[in-house]
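Asks: Handing you a structure now.
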Amino acid sequence: MQHQMQYRTFGKAGWQVSEIGFGAWAIGGGWGEVSDKDALDALRTGLDQGMNFIDTADVYGDGRSERLVAQVLKERRNERIYVSTKAGRRLNPHVAEGFTRENLTAFIERSLRNLGVDTLDVVQLHCPPTPVYYMPEVFGILDDLVKAGKLRYYAVSVEKVEEAIKALEFPIVSVQIIFNMFRQRPADMFFDLAKQHNVAILARVPLASGLLTGKMTRQTTFAPDDHRQFNRHGESFDVGETFAGVDYETGLQAVEELRPLAPAGVSMGQFALRWILMFDAVTLAIPGAKNPGQATDNAKASDLEPIDAGKMAKIKDIYDRLIKPQVHQRW
């Protein structure tokens, strides 16, 4: 069967974006070693497979991810590729008081240089401290940067459902939130609100840091510079970013119960991505890829048939039994 990427409308921007995008954290750093060649080949393959949306950040490899994306944008000048980046995590300490006009402008100027563009498509506040959502002046600074032509739209990437709901008070184009088979709470209330506001949703950590690929075992080891090794208990950033905050052993057990539900010939990872796409409020899922094979696998999730109601109910049951007590109310 010929692969055919499907597209969805990106909120009030009206862009038609691939429902599987390219998450560019892993090619920047924090996921073990990835060569420039593998990173660029993964990006090119993703685009060849119909992805037209790349999600990156200024702190992924301290700008490395943005600069790799810039190389591919240069090669593909005749294609419309949407790039969302993020700002705020360069602050040290990462506190609400740091979200000043001077700092945000400097971050955005640096991303413009790294990406080699005149205007950024989307800049997301990168999981800012919760008080920032109660500081309209920060969003006013972003409004001014839009007026100055530095960015087309601004958005937020959040840790908590409550932050996502609060952010809808501002004229954001999208919310990026962790949503996957192991993190189902956003579907409870937030998705309907986002649809009412015509705000796009980027489902991040869609494979629970690889747990939902079904390729991990108790014996799996990770490099010291891989967050799945150094952030298992939230030592460096929110623990919810690593394995979606699920205890590794419990995650493996849940995957074993999910595995038989995937249709023949469909990888566990593709099935997990297709589950996310069952929710019409989701605009796109943004799995990472460290090589061309992973990018191709991710893209092909867009070809899969919808998951039937019986299987959706079984997935919910596995979540309710094994995962929900650990994560549901935390984020």
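By order of appearance in the structure tokens: chains A, B, ..., then residues from 1 within every chain, and ligands from 1 in the order shown.
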Which polymer residues have any atom within 12 Å of an atom of Thr9 in chain A, counting only C-alpha atoms, with same-chain residues fewer than 2 positions away left out, as a compact mmCIF listing (two decimals) with C-alpha atoms, in the first residue's frame?

Replies:
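Listed below is the output, selection-v2.txt:
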# COMPACT_ATOMS: atom_id res chain seq x y z
CA GLN A 6 -3.12 12.83 6.29
CA TYR A 7 -3.31 16.53 7.21
CA GLY A 11 -5.97 26.07 14.70
CA LYS A 12 -6.54 29.69 13.78
CA ALA A 13 -3.41 29.75 11.61
CA GLY A 14 -5.36 27.64 9.12
CA TRP A 15 -2.25 25.76 7.98
CA GLN A 16 -2.67 22.20 6.73
CA VAL A 17 -0.13 20.23 8.75
CA SER A 18 0.81 16.56 8.75
CA GLU A 19 -0.91 14.68 11.57
CA PHE A 53 5.81 20.29 10.62
CA VAL A 173 -2.33 29.39 18.30
CA SER A 174 -1.55 26.05 19.95
CA LYS A 195 -11.70 23.03 20.12
CA ASN A 198 -9.86 26.88 17.80
CA VAL A 199 -6.47 26.16 19.37
CA ALA A 200 -4.27 23.46 17.83
CA ILE A 201 -2.94 20.64 20.02
CA LEU A 202 0.52 19.12 19.64
CA ASP A 280 -10.10 14.96 16.70
CA ALA A 281 -8.96 17.76 19.01
CA VAL A 282 -5.36 16.64 18.42
CA THR A 283 -3.80 18.40 15.44
CA LEU A 284 -0.63 16.35 15.31

Asks: DSSP says helix (DSSP H, G or I) for which residues of range 156-316 of chain A? Put them as JSON, numbers by chain?

Replies: {"A": [161, 162, 163, 164, 165, 166, 167, 185, 186, 187, 190, 191, 192, 193, 194, 195, 196, 208, 209, 210, 211, 212, 213, 227, 228, 229, 230, 239, 240, 241, 243, 244, 245, 248, 249, 250, 251, 252, 253, 254, 255, 256, 257, 258, 259, 260, 261, 268, 269, 270, 271, 272, 273, 274, 275, 276, 277, 292, 293, 294, 295, 296, 297, 298, 299, 300, 301, 302, 303, 309, 310, 311, 312, 313, 314, 315, 316]}

Asks: Mind checking which residues fall within 12 Å of Arg274 in chain A, counting only C-alpha atoms, ignoring those fewer than 5 positions away in the same chain, and posting them as a ChimeraX atom specification?

Replies: /A:6,19-20,180-181,203,206-207,212,262-263,266-269,279-280,282,284-285,287,297-308,312

Asks: Pull C-alpha atoms from the residues just selected and write them as a PDB file, in the first residue's frame.

Replies:
ATOM      1  CA  GLN A   6      -3.117  12.833   6.287  1.00  0.00           C
ATOM      2  CA  GLU A  19      -0.913  14.677  11.571  1.00  0.00           C
ATOM      3  CA  ILE A  20       2.469  13.098  12.325  1.00  0.00           C
ATOM      4  CA  ASN A 180      -0.397   9.294  24.967  1.00  0.00           C
ATOM      5  CA  MET A 181      -1.847   5.933  26.035  1.00  0.00           C
ATOM      6  CA  ALA A 203       0.713  15.762  21.413  1.00  0.00           C
ATOM      7  CA  PRO A 206       3.580  10.450  22.225  1.00  0.00           C
ATOM      8  CA  LEU A 207       5.519   7.209  22.748  1.00  0.00           C
ATOM      9  CA  LEU A 212       5.223   2.594  23.962  1.00  0.00           C
ATOM     10  CA  ALA A 262      -2.051  -3.933  17.756  1.00  0.00           C
ATOM     11  CA  PRO A 263      -3.149  -5.323  14.365  1.00  0.00           C
ATOM     12  CA  VAL A 266       1.554  -2.836  12.809  1.00  0.00           C
ATOM     13  CA  SER A 267       4.285  -1.935  15.275  1.00  0.00           C
ATOM     14  CA  MET A 268       3.389  -1.107  18.850  1.00  0.00           C
ATOM     15  CA  GLY A 269       4.717   2.436  18.293  1.00  0.00           C
ATOM     16  CA  PHE A 279      -8.964  12.268  19.140  1.00  0.00           C
ATOM     17  CA  ASP A 280     -10.101  14.956  16.700  1.00  0.00           C
ATOM     18  CA  VAL A 282      -5.356  16.645  18.422  1.00  0.00           C
ATOM     19  CA  LEU A 284      -0.634  16.353  15.310  1.00  0.00           C
ATOM     20  CA  ALA A 285       1.586  13.995  17.276  1.00  0.00           C
ATOM     21  CA  PRO A 287       7.344  11.691  17.885  1.00  0.00           C
ATOM     22  CA  ASP A 297       7.790   4.090  10.935  1.00  0.00           C
ATOM     23  CA  ASN A 298       6.321   7.148  12.618  1.00  0.00           C
ATOM     24  CA  ALA A 299       4.942   8.581   9.368  1.00  0.00           C
ATOM     25  CA  LYS A 300       3.184   5.349   8.467  1.00  0.00           C
ATOM     26  CA  ALA A 301       0.975   5.582  11.554  1.00  0.00           C
ATOM     27  CA  SER A 302      -1.057   8.032   9.456  1.00  0.00           C
ATOM     28  CA  ASP A 303      -2.046   5.172   7.096  1.00  0.00           C
ATOM     29  CA  LEU A 304      -3.656   2.975   9.747  1.00  0.00           C
ATOM     30  CA  GLU A 305      -7.358   2.284   9.966  1.00  0.00           C
ATOM     31  CA  PRO A 306      -9.216   3.818  12.936  1.00  0.00           C
ATOM     32  CA  ILE A 307      -9.083   1.743  16.122  1.00  0.00           C
ATOM     33  CA  ASP A 308     -12.438   0.136  16.874  1.00  0.00           C
ATOM     34  CA  MET A 312     -10.338   1.756  22.586  1.00  0.00           C
TER      35      MET A 312
END

Asks: Which of range 169-316 of chain A end up as strand (DSSP E or B) when DSSP is run on this backbone - answer as a list in words?

Replies: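 Here are the strand (DSSP E or B) residues of range 169-316 of chain A: Ser174, Val175, Gln176, Ile177, Ile178, Asn180, Arg183, Ala200, Ile201, Leu202, Ala203, Arg204, Asp226, Leu284, Ala285 and Gly288 of chain A.
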
Asks: List the spatial neighbours of range 161-166 of chain A as a VMD selection string - criterion: any atom at most 10 Å away, only C-alpha atoms, same-chain residues fewer than 5 positions off excluded.

Replies: chain A and resid 127 to 134 156 174 to 178 185 to 191 193 to 194 329 to 331

Asks: For the atom pair CA of Ser84 in chain A and CA of Ile54 in chain A, what is the interatomic distance in Å to one decimal place?

Replies: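 Going from CA of Ser84 in chain A over to CA of Ile54 in chain A covers 6.4 Å.
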
Asks: Hey, which bits of range 3-75 of chain A sit within 10 Å of range 104-117 of chain A, and for each residue what's the closest pair of atoms and how far apart in Å (one decimal), counting only C-alpha atoms, rows by chain and increasing number, as JSON lines?

Replies:
{"residue": "A:Ala57", "atom": "CA", "partner": "A:Ser111", "partner_atom": "CA", "distance": 8.3}
{"residue": "A:Asp58", "atom": "CA", "partner": "A:Ser111", "partner_atom": "CA", "distance": 6.3}
{"residue": "A:Val59", "atom": "CA", "partner": "A:Ser111", "partner_atom": "CA", "distance": 9.9}
{"residue": "A:Gly63", "atom": "CA", "partner": "A:Asn114", "partner_atom": "CA", "distance": 6.7}
{"residue": "A:Arg64", "atom": "CA", "partner": "A:Asn114", "partner_atom": "CA", "distance": 8.2}
{"residue": "A:Ser65", "atom": "CA", "partner": "A:Asn114", "partner_atom": "CA", "distance": 8.9}
{"residue": "A:Glu66", "atom": "CA", "partner": "A:Leu115", "partner_atom": "CA", "distance": 5.4}
{"residue": "A:Arg67", "atom": "CA", "partner": "A:Asn114", "partner_atom": "CA", "distance": 5.1}
{"residue": "A:Leu68", "atom": "CA", "partner": "A:Leu115", "partner_atom": "CA", "distance": 8.2}
{"residue": "A:Val69", "atom": "CA", "partner": "A:Leu115", "partner_atom": "CA", "distance": 6.7}
{"residue": "A:Ala70", "atom": "CA", "partner": "A:Leu115", "partner_atom": "CA", "distance": 4.5}
{"residue": "A:Gln71", "atom": "CA", "partner": "A:Leu115", "partner_atom": "CA", "distance": 8.2}
{"residue": "A:Val72", "atom": "CA", "partner": "A:Leu115", "partner_atom": "CA", "distance": 9.8}
{"residue": "A:Leu73", "atom": "CA", "partner": "A:Leu115", "partner_atom": "CA", "distance": 8.2}
{"residue": "A:Lys74", "atom": "CA", "partner": "A:Gly116", "partner_atom": "CA", "distance": 8.3}

Asks: Please measure the separation of CA of Arg152 in chain A and CA of Glu75 in chain A, giving the value in Å to one decimal.

Replies: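 Going from CA of Arg152 in chain A over to CA of Glu75 in chain A covers 22.2 Å.
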
Asks: List the spatial neighbours of Trp31 in chain A as a PDB file with C-alpha atoms, in the first residue's frame - criterion: any atom at most 8 Å away, only C-alpha atoms, same-chain residues fewer than 6 positions off excluded.

Replies:
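So the final result, stored in selection-v3.pdb, reads:
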ATOM      1  CA  ALA A 223      23.665   6.147  27.813  1.00  0.00           C
ATOM      2  CA  ASP A 225      23.672  11.492  28.497  1.00  0.00           C
ATOM      3  CA  ASP A 226      20.188  10.062  27.821  1.00  0.00           C
ATOM      4  CA  HIS A 227      17.439  11.572  29.988  1.00  0.00           C
ATOM      5  CA  ARG A 228      15.921   8.085  30.324  1.00  0.00           C
TER       6      ARG A 228
END

Asks: Just checking: using only C-alpha atoms, which residue out of A:Gly293, A:Gly214, A:Gly240, A:Gly46 ends up closest to Glu256 in chain A?

Replies: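 Of A:Gly293, A:Gly214, A:Gly240, A:Gly46, the one nearest Glu256 in chain A, counting only C-alpha atoms, is A:Gly214.
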
Asks: Counting only C-alpha atoms, figure out which residue out of A:Arg8, A:Arg183, A:Lys290, A:Lys215 gets nearest to Phe243 in chain A.

Replies: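 For Phe243 in chain A, the nearest of the given residues is A:Arg183.
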
Asks: Find the residues near Phe182 in chain A: any atom within 7 Å, counting only C-alpha atoms, skip ones fewer than 6 places away on the same chain, and give them as a PDB file with N, CA and C atoms, in the first residue's frame.

Replies:
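Okay, part-v5.pdb is ready:
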ATOM      1  N   ALA A 244       6.870   9.503  30.462  1.00  0.00           N
ATOM      2  CA  ALA A 244       5.571  10.112  30.780  1.00  0.00           C
ATOM      3  C   ALA A 244       5.258  10.066  32.278  1.00  0.00           C
ATOM      4  N   TYR A 319      -5.166   1.456  31.066  1.00  0.00           N
ATOM      5  CA  TYR A 319      -4.742   2.734  31.668  1.00  0.00           C
ATOM      6  C   TYR A 319      -5.348   2.878  33.067  1.00  0.00           C
ATOM      7  N   ILE A 323      -2.052   2.462  35.143  1.00  0.00           N
ATOM      8  CA  ILE A 323      -1.315   3.721  34.991  1.00  0.00           C
ATOM      9  C   ILE A 323      -1.965   4.882  35.737  1.00  0.00           C
TER      10      ILE A 323
END

Asks: Given the choices A:Asp48, A:Asp192, A:Glu169, A:Glu79, which gets closest to Pro136 in chain A if the distance is worked out from only C-alpha atoms?

Replies: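 Smallest distance to Pro136 in chain A is found for A:Glu169.
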
Asks: Taking into account only C-alpha atoms, which residue in the set A:Lys150, A:His197, A:Arg204, A:Arg77 is nearest to Leu168 in chain A?

Replies: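 Closest to Leu168 in chain A, using only C-alpha atoms: A:His197.
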
Asks: So that I can check the surroundings of Leu322 in chain A, please list as a PyMOL selection string every protein, DNA and RNA residue that reaches within 12 Å of it, counting only C-alpha atoms and ignoring chain neighbours fewer than 4 positions away.

Replies: chain A and resi 181-183+246-258+315-318+326-328

Asks: Deliver the residues from the most recent selection as a file, using C-alpha atoms, as a PDB file, in the first residue's frame.

Replies:
ATOM      1  CA  MET A 181      -1.847   5.933  26.035  1.00  0.00           C
ATOM      2  CA  PHE A 182      -0.162   6.488  29.427  1.00  0.00           C
ATOM      3  CA  ARG A 183      -1.243  10.128  29.843  1.00  0.00           C
ATOM      4  CA  VAL A 246       5.226   6.201  34.649  1.00  0.00           C
ATOM      5  CA  ASP A 247       7.278   3.802  36.755  1.00  0.00           C
ATOM      6  CA  TYR A 248       9.374   1.801  34.274  1.00  0.00           C
ATOM      7  CA  GLU A 249       8.310  -1.654  35.517  1.00  0.00           C
ATOM      8  CA  THR A 250       4.616  -0.733  35.479  1.00  0.00           C
ATOM      9  CA  GLY A 251       5.060   0.693  31.995  1.00  0.00           C
ATOM     10  CA  LEU A 252       6.539  -2.566  30.724  1.00  0.00           C
ATOM     11  CA  GLN A 253       3.651  -4.514  32.240  1.00  0.00           C
ATOM     12  CA  ALA A 254       1.081  -2.223  30.572  1.00  0.00           C
ATOM     13  CA  VAL A 255       2.852  -2.538  27.212  1.00  0.00           C
ATOM     14  CA  GLU A 256       2.622  -6.341  27.435  1.00  0.00           C
ATOM     15  CA  GLU A 257      -1.155  -6.011  27.861  1.00  0.00           C
ATOM     16  CA  LEU A 258      -1.435  -3.480  25.024  1.00  0.00           C
ATOM     17  CA  ILE A 315      -6.815   0.533  26.160  1.00  0.00           C
ATOM     18  CA  LYS A 316      -8.749   2.726  28.587  1.00  0.00           C
ATOM     19  CA  ASP A 317      -9.153  -0.224  30.967  1.00  0.00           C
ATOM     20  CA  ILE A 318      -5.405  -0.951  30.959  1.00  0.00           C
ATOM     21  CA  GLN A 326       0.357   6.869  39.274  1.00  0.00           C
ATOM     22  CA  VAL A 327      -0.086   9.795  36.886  1.00  0.00           C
ATOM     23  CA  HIS A 328      -3.631  11.025  36.384  1.00  0.00           C
TER      24      HIS A 328
END

Asks: Rounded to one decimal, what separation in Å do you get between CA of Leu145 in chain A and CA of Phe99 in chain A?

Replies: 13.6 Å
